[in-house]
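Content type TSV, C-alpha atoms, from the file structure_26.tsv:
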```tsv
chain	number	residue	atom	x	y	z
A	1	MET	CA	1.49	5.03	-37.77
A	2	VAL	CA	1.50	1.85	-35.68
A	3	THR	CA	4.41	-0.47	-36.46
A	4	ASN	CA	4.19	-4.27	-36.61
A	5	GLU	CA	6.34	-4.47	-33.45
A	6	GLU	CA	3.90	-2.24	-31.57
A	7	LYS	CA	0.99	-4.38	-32.78
A	8	ASP	CA	2.76	-7.54	-31.59
A	9	LEU	CA	3.49	-6.00	-28.18
A	10	LYS	CA	-0.10	-4.87	-27.76
A	11	ALA	CA	-1.32	-8.33	-28.70
A	12	LYS	CA	1.02	-9.98	-26.16
A	13	ASN	CA	-0.16	-7.66	-23.38
A	14	GLN	CA	-3.78	-8.32	-24.27
A	15	VAL	CA	-3.21	-12.07	-24.13
A	16	ALA	CA	-1.62	-11.67	-20.70
A	17	GLU	CA	-4.36	-9.36	-19.40
A	18	GLY	CA	-6.15	-11.87	-17.25
A	19	GLN	CA	-7.94	-13.66	-20.07
A	20	ASP	CA	-6.96	-17.00	-18.51
A	21	ILE	CA	-8.14	-16.09	-15.00
A	22	GLN	CA	-10.02	-19.01	-13.43
A	23	GLU	CA	-12.00	-19.44	-10.20
A	24	SER	CA	-8.96	-21.22	-8.77
A	25	ASP	CA	-6.94	-17.98	-9.08
A	26	CYS	CA	-9.00	-16.48	-6.22
A	27	CYS	CA	-7.29	-16.83	-2.83
A	28	GLY	CA	-10.67	-17.24	-1.09
A	29	ASN	CA	-9.98	-14.62	1.59
A	30	GLY	CA	-12.81	-12.27	0.58
A	31	CYS	CA	-10.46	-9.55	-0.67
A	32	THR	CA	-12.01	-6.19	-1.49
A	33	ASN	CA	-10.21	-6.19	-4.84
A	34	CYS	CA	-10.59	-9.82	-5.88
A	35	ILE	CA	-8.54	-10.93	-8.87
A	36	LEU	CA	-11.76	-12.25	-10.45
A	37	ASP	CA	-13.17	-8.70	-10.50
A	38	ASN	CA	-9.93	-6.82	-11.09
A	39	LYS	CA	-8.06	-8.87	-13.66
A	40	PRO	CA	-4.41	-7.88	-14.28
A	41	ARG	CA	-4.18	-5.56	-17.26
A	42	ALA	CA	-1.71	-3.22	-18.92
A	43	SER	CA	-1.72	0.33	-17.53
A	44	GLN	CA	-1.43	3.52	-19.55
A	45	CYS	CA	2.13	3.91	-18.28
A	46	LEU	CA	3.00	0.48	-19.65
A	47	LEU	CA	1.42	1.15	-23.03
A	48	MET	CA	3.36	4.41	-23.34
A	49	ALA	CA	6.60	2.62	-22.50
A	50	GLY	CA	6.00	0.12	-25.29
A	51	LYS	CA	7.18	-2.77	-23.11
A	52	ARG	CA	5.79	-6.03	-21.78
A	53	ASN	CA	4.82	-6.22	-18.12
A	54	VAL	CA	6.58	-9.27	-16.66
A	55	ILE	CA	4.02	-9.77	-13.90
A	56	LEU	CA	0.80	-9.91	-15.94
A	57	GLN	CA	1.09	-13.70	-15.72
A	58	TYR	CA	2.69	-15.77	-12.95
A	59	THR	CA	6.42	-15.29	-13.18
A	60	LYS	CA	9.39	-15.97	-10.92
A	61	PHE	CA	11.02	-13.41	-8.65
A	62	ARG	CA	14.20	-13.99	-6.69
A	63	LEU	CA	14.24	-13.17	-2.97
A	64	ASN	CA	17.10	-10.69	-2.57
A	65	LEU	CA	16.44	-9.76	1.04
A	66	LYS	CA	14.37	-11.05	3.94
A	67	GLU	CA	14.52	-9.36	7.33
A	68	PRO	CA	12.23	-8.67	10.29
A	69	HIS	CA	10.80	-5.20	10.69
A	70	PRO	CA	12.90	-3.23	13.23
A	71	SER	CA	9.90	-2.65	15.51
A	72	ASP	CA	8.04	-5.96	15.12
A	73	SER	CA	9.56	-9.42	14.70
A	74	GLN	CA	6.20	-10.73	13.43
A	75	VAL	CA	6.46	-8.52	10.35
A	76	LEU	CA	8.83	-9.40	7.51
A	77	LEU	CA	10.28	-7.14	4.84
A	78	LEU	CA	10.81	-8.96	1.53
A	79	HIS	CA	12.74	-7.50	-1.42
A	80	LEU	CA	12.24	-9.34	-4.71
A	81	GLN	CA	13.71	-9.07	-8.21
A	82	HIS	CA	12.47	-10.56	-11.46
A	83	ALA	CA	14.28	-13.78	-12.38
A	84	PRO	CA	14.05	-14.11	-16.19
A	85	ASP	CA	14.48	-17.46	-17.88
A	86	ASP	CA	17.11	-18.09	-20.56
A	87	THR	CA	14.72	-17.35	-23.44
A	88	GLU	CA	13.59	-13.95	-22.19
A	89	ALA	CA	15.07	-10.68	-23.44
A	90	SER	CA	15.38	-8.50	-20.33
A	91	GLU	CA	15.33	-5.20	-22.22
A	92	ASP	CA	11.89	-5.96	-23.70
A	93	SER	CA	10.09	-5.97	-20.36
A	94	VAL	CA	9.39	-3.84	-17.29
A	95	LEU	CA	7.64	-4.26	-13.94
A	96	ASP	CA	4.51	-2.10	-13.80
A	97	ILE	CA	2.65	-2.13	-10.46
A	98	PRO	CA	0.49	1.05	-10.27
A	99	PRO	CA	0.20	2.74	-6.85
A	100	GLY	CA	-2.36	1.08	-4.59
A	101	HIS	CA	-2.40	-2.19	-6.52
A	102	HIS	CA	-1.60	-5.65	-5.19
A	103	VAL	CA	0.23	-8.74	-6.42
A	104	MET	CA	-0.71	-12.38	-5.84
A	105	LEU	CA	1.86	-14.75	-4.38
A	106	ARG	CA	1.53	-18.44	-5.29
A	107	ILE	CA	3.38	-21.14	-3.36
A	108	GLY	CA	2.08	-24.54	-4.41
A	109	SER	CA	-1.70	-24.40	-3.89
A	110	HIS	CA	-1.48	-21.47	-1.47
A	111	LEU	CA	-2.43	-17.98	-2.72
A	112	ARG	CA	-2.14	-14.66	-0.88
A	113	PRO	CA	-2.30	-11.03	-2.09
A	114	TYR	CA	0.36	-8.58	-0.91
A	115	SER	CA	0.77	-4.86	-1.41
A	116	PRO	CA	4.12	-3.48	-2.64
A	117	TYR	CA	5.17	-0.28	-0.91
A	118	TRP	CA	8.00	0.27	-3.42
A	119	SER	CA	8.74	-0.96	-6.93
A	120	ASP	CA	11.19	-0.16	-9.72
A	121	PHE	CA	9.79	-0.04	-13.25
A	122	LEU	CA	13.09	-0.77	-15.06
A	123	LEU	CA	15.01	-2.88	-12.54
A	124	LYS	CA	11.87	-5.02	-12.06
A	125	GLU	CA	12.15	-5.12	-8.27
A	126	PHE	CA	9.60	-4.60	-5.52
A	127	ARG	CA	9.26	-4.74	-1.74
A	128	ILE	CA	6.41	-5.96	0.42
A	129	LEU	CA	5.70	-6.01	4.14
A	130	VAL	CA	4.22	-9.27	5.46
A	131	LYS	CA	2.37	-9.71	8.75
A	132	LEU	CA	2.93	-13.26	9.99
A	133	GLN	CA	-0.12	-15.09	11.32
A	134	SER	CA	0.36	-17.65	14.09
A	135	GLY	CA	-0.22	-21.10	12.60
A	136	GLY	CA	-0.93	-19.67	9.14
A	137	SER	CA	0.11	-21.99	6.31
A	138	MET	CA	1.46	-19.19	4.12
A	139	SER	CA	3.22	-17.59	7.10
A	140	GLN	CA	5.03	-20.87	7.80
A	141	LYS	CA	6.23	-21.02	4.20
A	142	LEU	CA	7.42	-17.39	4.31
A	143	VAL	CA	9.32	-17.96	7.55
A	144	ALA	CA	11.19	-20.84	5.88
A	145	LEU	CA	12.30	-18.74	2.90
A	146	GLN	CA	16.00	-18.17	2.28
A	147	PRO	CA	17.74	-15.54	0.12
A	148	ASN	CA	17.86	-16.54	-3.58
A	149	ASP	CA	14.70	-18.65	-3.29
A	150	LEU	CA	12.31	-18.20	-6.22
A	151	LEU	CA	8.69	-17.14	-5.71
A	152	GLU	CA	5.84	-16.77	-8.20
A	153	PHE	CA	3.83	-13.54	-8.39
A	154	ARG	CA	1.07	-12.22	-10.63
A	155	GLY	CA	-0.61	-8.83	-10.89
A	156	PRO	CA	-1.25	-5.99	-10.69
A	157	ILE	CA	-4.65	-6.29	-8.97
A	158	GLY	CA	-6.67	-3.16	-8.20
A	159	ASN	CA	-8.75	-0.42	-9.76
A	160	TYR	CA	-7.73	2.96	-8.30
A	161	VAL	CA	-6.22	5.44	-10.76
A	162	ASN	CA	-5.16	8.92	-9.67
A	163	ASP	CA	-6.18	11.75	-12.00
A	164	SER	CA	-3.51	14.41	-11.48
A	165	SER	CA	-5.51	16.94	-13.50
A	166	LEU	CA	-8.14	17.10	-10.74
A	167	THR	CA	-7.48	19.03	-7.54
A	168	LYS	CA	-8.55	16.72	-4.72
A	169	CYS	CA	-8.82	16.45	-0.97
A	170	LEU	CA	-7.44	12.95	-0.37
A	171	PHE	CA	-8.18	11.40	3.00
A	172	ILE	CA	-6.07	8.26	3.42
A	173	ILE	CA	-7.02	6.07	6.37
A	174	SER	CA	-4.75	3.10	7.08
A	175	GLN	CA	-4.42	0.35	9.66
A	176	GLY	CA	-1.15	-1.29	10.74
A	177	VAL	CA	0.88	-2.90	7.94
A	178	ALA	CA	-1.83	-1.85	5.45
A	179	THR	CA	-0.16	1.56	5.48
A	180	ALA	CA	2.25	-0.06	2.96
A	181	PRO	CA	0.09	0.25	-0.21
A	182	THR	CA	-0.76	3.87	0.61
A	183	LEU	CA	2.87	5.03	0.35
A	184	PRO	CA	3.07	4.86	-3.48
A	185	LEU	CA	-0.26	6.71	-3.66
A	186	VAL	CA	1.14	9.54	-1.54
A	187	ARG	CA	4.42	9.68	-3.49
A	188	GLN	CA	2.49	9.83	-6.77
A	189	VAL	CA	0.82	13.07	-5.67
A	190	LEU	CA	3.73	14.70	-3.85
A	191	GLU	CA	6.25	14.04	-6.63
A	192	ASN	CA	4.00	15.55	-9.31
A	193	GLU	CA	4.38	19.33	-9.23
A	194	GLU	CA	1.24	19.71	-11.34
A	195	ASP	CA	-0.94	17.83	-8.86
A	196	MET	CA	-2.41	20.39	-6.45
A	197	SER	CA	-4.22	17.82	-4.33
A	198	ARG	CA	-4.01	17.93	-0.54
A	199	ILE	CA	-3.51	14.79	1.54
A	200	TRP	CA	-4.61	14.01	5.08
A	201	GLN	CA	-3.27	10.65	6.21
A	202	LEU	CA	-4.75	9.12	9.36
A	203	VAL	CA	-2.76	6.13	10.61
A	204	CYS	CA	-4.25	3.71	13.12
A	205	ALA	CA	-1.73	1.68	15.12
A	206	ARG	CA	-1.60	-0.05	18.47
A	207	ASP	CA	1.08	2.31	19.78
A	208	LEU	CA	3.97	4.43	18.55
A	209	HIS	CA	6.24	1.39	18.43
A	210	HIS	CA	3.92	-0.23	15.87
A	211	VAL	CA	3.71	2.72	13.47
A	212	TYR	CA	5.23	1.18	10.36
A	213	PHE	CA	6.97	3.51	7.86
A	214	ARG	CA	7.17	6.28	10.43
A	215	GLU	CA	10.24	7.81	8.77
A	216	GLU	CA	8.46	7.91	5.41
A	217	LEU	CA	5.46	9.64	6.96
A	218	LEU	CA	7.74	12.24	8.53
A	219	GLU	CA	9.45	12.81	5.18
A	220	PHE	CA	6.05	13.30	3.51
A	221	GLY	CA	5.31	15.95	6.14
A	222	ARG	CA	7.93	18.24	4.61
A	223	ASN	CA	5.48	18.95	1.79
A	224	TRP	CA	2.99	21.83	1.96
A	225	ASN	CA	0.08	19.63	0.87
A	226	TYR	CA	0.51	16.71	3.28
A	227	ARG	CA	-0.65	16.31	6.88
A	228	SER	CA	-0.83	13.20	9.03
A	229	CYS	CA	-2.07	12.14	12.44
A	230	LEU	CA	-1.37	8.95	14.38
A	231	TYR	CA	-4.11	7.24	16.39
A	232	LEU	CA	-2.58	5.21	19.24
A	233	PRO	CA	-5.30	3.89	21.59
A	234	HIS	CA	-2.98	1.44	23.39
A	235	GLN	CA	0.02	3.72	23.88
A	236	GLN	CA	1.48	3.00	27.33
A	237	CYS	CA	4.32	4.75	29.12
A	238	GLY	CA	5.76	4.25	32.59
A	239	SER	CA	4.20	7.23	34.39
A	240	SER	CA	1.90	6.49	37.31
A	241	ALA	CA	-1.08	8.30	35.75
A	242	CYS	CA	-0.80	6.30	32.53
A	243	ARG	CA	-0.32	2.99	34.35
A	244	ASP	CA	-3.50	3.58	36.36
A	245	THR	CA	-5.62	4.06	33.21
A	246	GLY	CA	-4.05	1.17	31.28
A	247	HIS	CA	-2.92	3.52	28.51
A	248	CYS	CA	-1.41	6.96	28.17
A	249	VAL	CA	-3.63	9.88	29.14
A	250	PRO	CA	-4.47	12.37	26.33
A	251	ASP	CA	-1.95	14.97	27.52
A	252	CYS	CA	0.84	12.47	28.32
A	253	GLN	CA	4.06	14.48	28.38
A	254	GLN	CA	6.25	11.41	27.92
A	255	LEU	CA	4.51	10.68	24.60
A	256	ARG	CA	4.83	14.32	23.53
A	257	LYS	CA	8.57	14.16	24.15
A	258	GLY	CA	8.77	11.05	21.95
A	259	LEU	CA	7.15	12.75	18.96
A	260	ARG	CA	9.19	14.36	16.22
A	261	TYR	CA	8.94	17.81	14.65
A	262	LYS	CA	5.37	18.45	13.37
A	263	GLU	CA	4.35	14.87	14.23
A	264	MET	CA	0.78	14.66	15.52
A	265	ALA	CA	-0.62	11.81	17.63
A	266	ARG	CA	-3.84	11.14	19.50
A	267	ILE	CA	-4.39	8.66	22.35
A	268	ALA	CA	-7.75	7.62	20.94
A	269	ARG	CA	-9.50	5.46	18.41
A	270	LEU	CA	-10.37	7.04	15.09
A	271	ASP	CA	-14.14	7.60	15.25
A	272	ALA	CA	-16.70	9.91	13.63
A	273	GLU	CA	-15.88	12.80	15.96
A	274	GLU	CA	-12.16	12.52	15.26
A	275	LEU	CA	-12.79	12.29	11.51
A	276	GLN	CA	-14.85	15.48	11.56
A	277	GLN	CA	-11.89	17.36	13.00
A	278	HIS	CA	-10.02	16.66	9.75
A	279	SER	CA	-12.89	17.50	7.39
A	280	ASN	CA	-11.63	21.02	6.45
A	281	PRO	CA	-14.87	22.01	4.66
A	282	ALA	CA	-13.45	25.37	3.56
A	283	ILE	CA	-10.84	23.68	1.34
A	284	GLY	CA	-12.14	23.01	-2.17
A	285	GLY	CA	-11.57	20.05	-4.44
A	286	LEU	CA	-13.04	16.63	-5.09
A	287	ARG	CA	-13.14	14.74	-1.80
A	288	ILE	CA	-11.89	11.14	-1.96
A	289	VAL	CA	-11.38	8.69	0.90
A	290	ILE	CA	-8.92	5.80	0.50
A	291	ILE	CA	-9.07	3.09	3.17
A	292	ALA	CA	-6.44	0.37	3.69
A	293	GLY	CA	-6.86	-2.33	6.32
A	294	ASP	CA	-8.66	-5.59	6.99
A	295	SER	CA	-12.26	-6.01	5.79
A	296	ARG	CA	-13.80	-5.12	9.15
A	297	PHE	CA	-11.72	-1.95	9.43
A	298	GLN	CA	-12.56	-0.94	5.85
A	299	LYS	CA	-16.29	-1.44	6.36
A	300	THR	CA	-16.35	0.53	9.63
A	301	MET	CA	-14.27	3.42	8.29
A	302	ALA	CA	-16.26	3.62	5.05
A	303	GLN	CA	-19.47	4.05	7.05
A	304	LEU	CA	-17.97	6.67	9.35
A	305	ALA	CA	-16.11	8.64	6.67
A	306	GLY	CA	-19.08	9.07	4.35
A	307	ASN	CA	-20.91	11.28	6.85
A	308	ALA	CA	-18.03	12.74	8.85
A	309	LEU	CA	-16.05	13.88	5.80
A	310	ASN	CA	-19.04	14.53	3.51
A	311	VAL	CA	-17.85	12.10	0.84
A	312	GLU	CA	-20.04	10.39	-1.73
A	313	PRO	CA	-20.00	6.56	-1.58
A	314	ALA	CA	-18.63	6.42	-5.13
A	315	ASN	CA	-15.57	8.37	-3.93
A	316	ILE	CA	-14.68	5.93	-1.12
A	317	VAL	CA	-11.93	3.59	-2.32
A	318	LEU	CA	-11.09	0.36	-0.48
A	319	LEU	CA	-7.56	-0.95	-1.18
```
Would you give me this structure, written as structure tokens?
Amino acid sequence: MVTNEEKDLKAKNQVAEGQDIQESDCCGNGCTNCILDNKPRASQCLLMAGKRNVILQYTKFRLNLKEPHPSDSQVLLLHLQHAPDDTEASEDSVLDIPPGHHVMLRIGSHLRPYSPYWSDFLLKEFRILVKLQSGGSMSQKLVALQPNDLLEFRGPIGNYVNDSSLTKCLFIISQGVATAPTLPLVRQVLENEEDMSRIWQLVCARDLHHVYFREELLEFGRNWNYRSCLYLPHQQCGSSACRDTGHCVPDCQQLRKGLRYKEMARIARLDAEELQQHSNPAIGGLRIVIIAGDSRFQKTMAQLAGNALNVEPANIVLL
């Protein structure tokens, strides 16, 4: 029997589920998952919890931490926590950002989507990685931020939902900082003992120094159903052979010495031939490709992966 409180909560979530989305809510960057097509809505997890999602409408989050990424000063790590107003009962709400979904940041008239790589349902905190763009208006505002500043976010934006009852071959292809939204997707599978899916994660980066979340990828590799490979076309060491070619040679011993236990890396771009080497046709299960990167990268990889990995277009997901 549904109680009046449950009816009220459901009604509040439905009101907040993007019914007031306007054209002006679009950031205009041509995002694959535009907020106009993927309006924020309550997830099944939220409905089961019987709570209100604080981020379904624009709400304030306090900046707890801002620091440059250890390997790239042009990338910022931001840690944010919900900042409730005086009229809000904290225990009545949660922060629900499903894996692979984005949130929209609003600063004045500026809008940009960002992808949390970690969030806490009850503490209502999340972390994002931000790539600063030279001369970018939003980047300038983010550089000026100080701890305890308040920022407005709305979400979640996206459409991918993992079905743990299906055994899948998940091919996750990511580019640079866009590896961030793939981490919750991987954790969701690896932390569910009933999910028998296998994951192949192919990470494209300029060089080993610019492989973000390297430690997390190595930790994932401890699981029987996870494999990864780094593609580092611009890797450069100090040996004479590598200096002459402008990048490390395929069998560069200095690179091999820099890799960790079971860590795989290729001095090459990820192309159709490389993708085929990961196809594993003998392994059963629904084949799904998840691609995270800029629009050009997503388009190119979607075209290559369909044939090389024998994946139906409907099973290619662009984050």
Do you have the CA of Ala292 in chain A-CA of Ala308 in chain A distance handy?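 Rounded to one decimal, the two atoms are 17.7 Å apart.
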Within 6 Å of range 269-287 of chain A, which residues of range 104-187 of chain A come that close, and what is the closest atom pair and distance in Å for each? Count only C-alpha atoms and give it as CSV.
```
residue,atom,partner,partner_atom,distance
A:Thr167,CA,A:Gly285,CA,5.2
A:Lys168,CA,A:Gly285,CA,4.5
A:Cys169,CA,A:Arg287,CA,4.7
```
Have a look at CA of Pro181 in chain A and CA of Ser137 in chain A and let me know their distance in Å, one decimal.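 Calculated distance between CA of Pro181 in chain A and CA of Ser137 in chain A is 23.2 Å.
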One-decimal distance in Å that lies between CA of Leu123 in chain A and CA of Leu217 in chain A: 25.1 Å
Rank A:Gly136, A:Pro99, A:Glu125, A:Glu191 by their smallest atom-to-atom distance to Ile157 in chain A, using only C-alpha atoms, and report the top residue only. A:Pro99
Please provide as an MDAnalysis selection string all residues within 8 Å of range 236-248 of chain A, with the sequence filter that same-chain residues fewer than 3 positions apart are discarded (counting only C-alpha atoms). chainID A and resid 207 233 252 254:255 267
With a distance cut-off of 10 Å and all atoms listed in the file, select the neighbouring residues of Gln146 in chain A, excluding the residue or stretch itself and same-chain residues fewer than 6 positions from it, and output the selection as an mmCIF file with C-alpha atoms, in the coordinates of the input.
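Result file result_33.cif:
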```cif
data_model
loop_
_atom_site.group_PDB
_atom_site.id
_atom_site.type_symbol
_atom_site.label_atom_id
_atom_site.label_comp_id
_atom_site.auth_asym_id
_atom_site.auth_seq_id
_atom_site.Cartn_x
_atom_site.Cartn_y
_atom_site.Cartn_z
ATOM 1 C CA LEU A 63 14.240 -13.170 -2.970
ATOM 2 C CA ASN A 64 17.100 -10.690 -2.570
ATOM 3 C CA LEU A 65 16.440 -9.760 1.040
ATOM 4 C CA LYS A 66 14.370 -11.050 3.940
#
```
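Counting all atoms listed in the file and comparing A:Ile199, A:Val317, A:Val211, A:Leu78, the residue that lies closest to Val143 in chain A is A:Leu78.
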Nearest to Met138 in chain A: which of A:Glu215, A:Arg106, A:Leu150, A:Asn162 is it, counting only C-alpha atoms?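 Going through A:Glu215, A:Arg106, A:Leu150, A:Asn162 one by one, the smallest distance to Met138 in chain A is for A:Arg106.
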May I ask which of the residues A:Glu193, A:Leu80, A:Lys141, A:Glu312 is the closest one to Ser109 in chain A, counting all atoms listed in the file?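 So, comparing all the options, the nearest one is A:Lys141.
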Find the smallest box with edges along x, y and z containing every listed atom of range 128-140 of chain A, then add 3 Å on each side and report centre and edge lengths in Å to one decimal, as AutoDock Vina command-line options.
```
--center_x 2.7 --center_y -14.0 --center_z 7.3 --size_x 13.3 --size_y 22.0 --size_z 19.7
```
Can you tell me, as a VMD selection string, which residues sit within 12 Å of (-0.1, -3.7, 0.1) in the file's frame, using only C-alpha atoms? chain A and resid 31 33 77 97 to 104 112 to 119 126 to 131 156 to 158 174 to 185 291 to 294 318 to 319
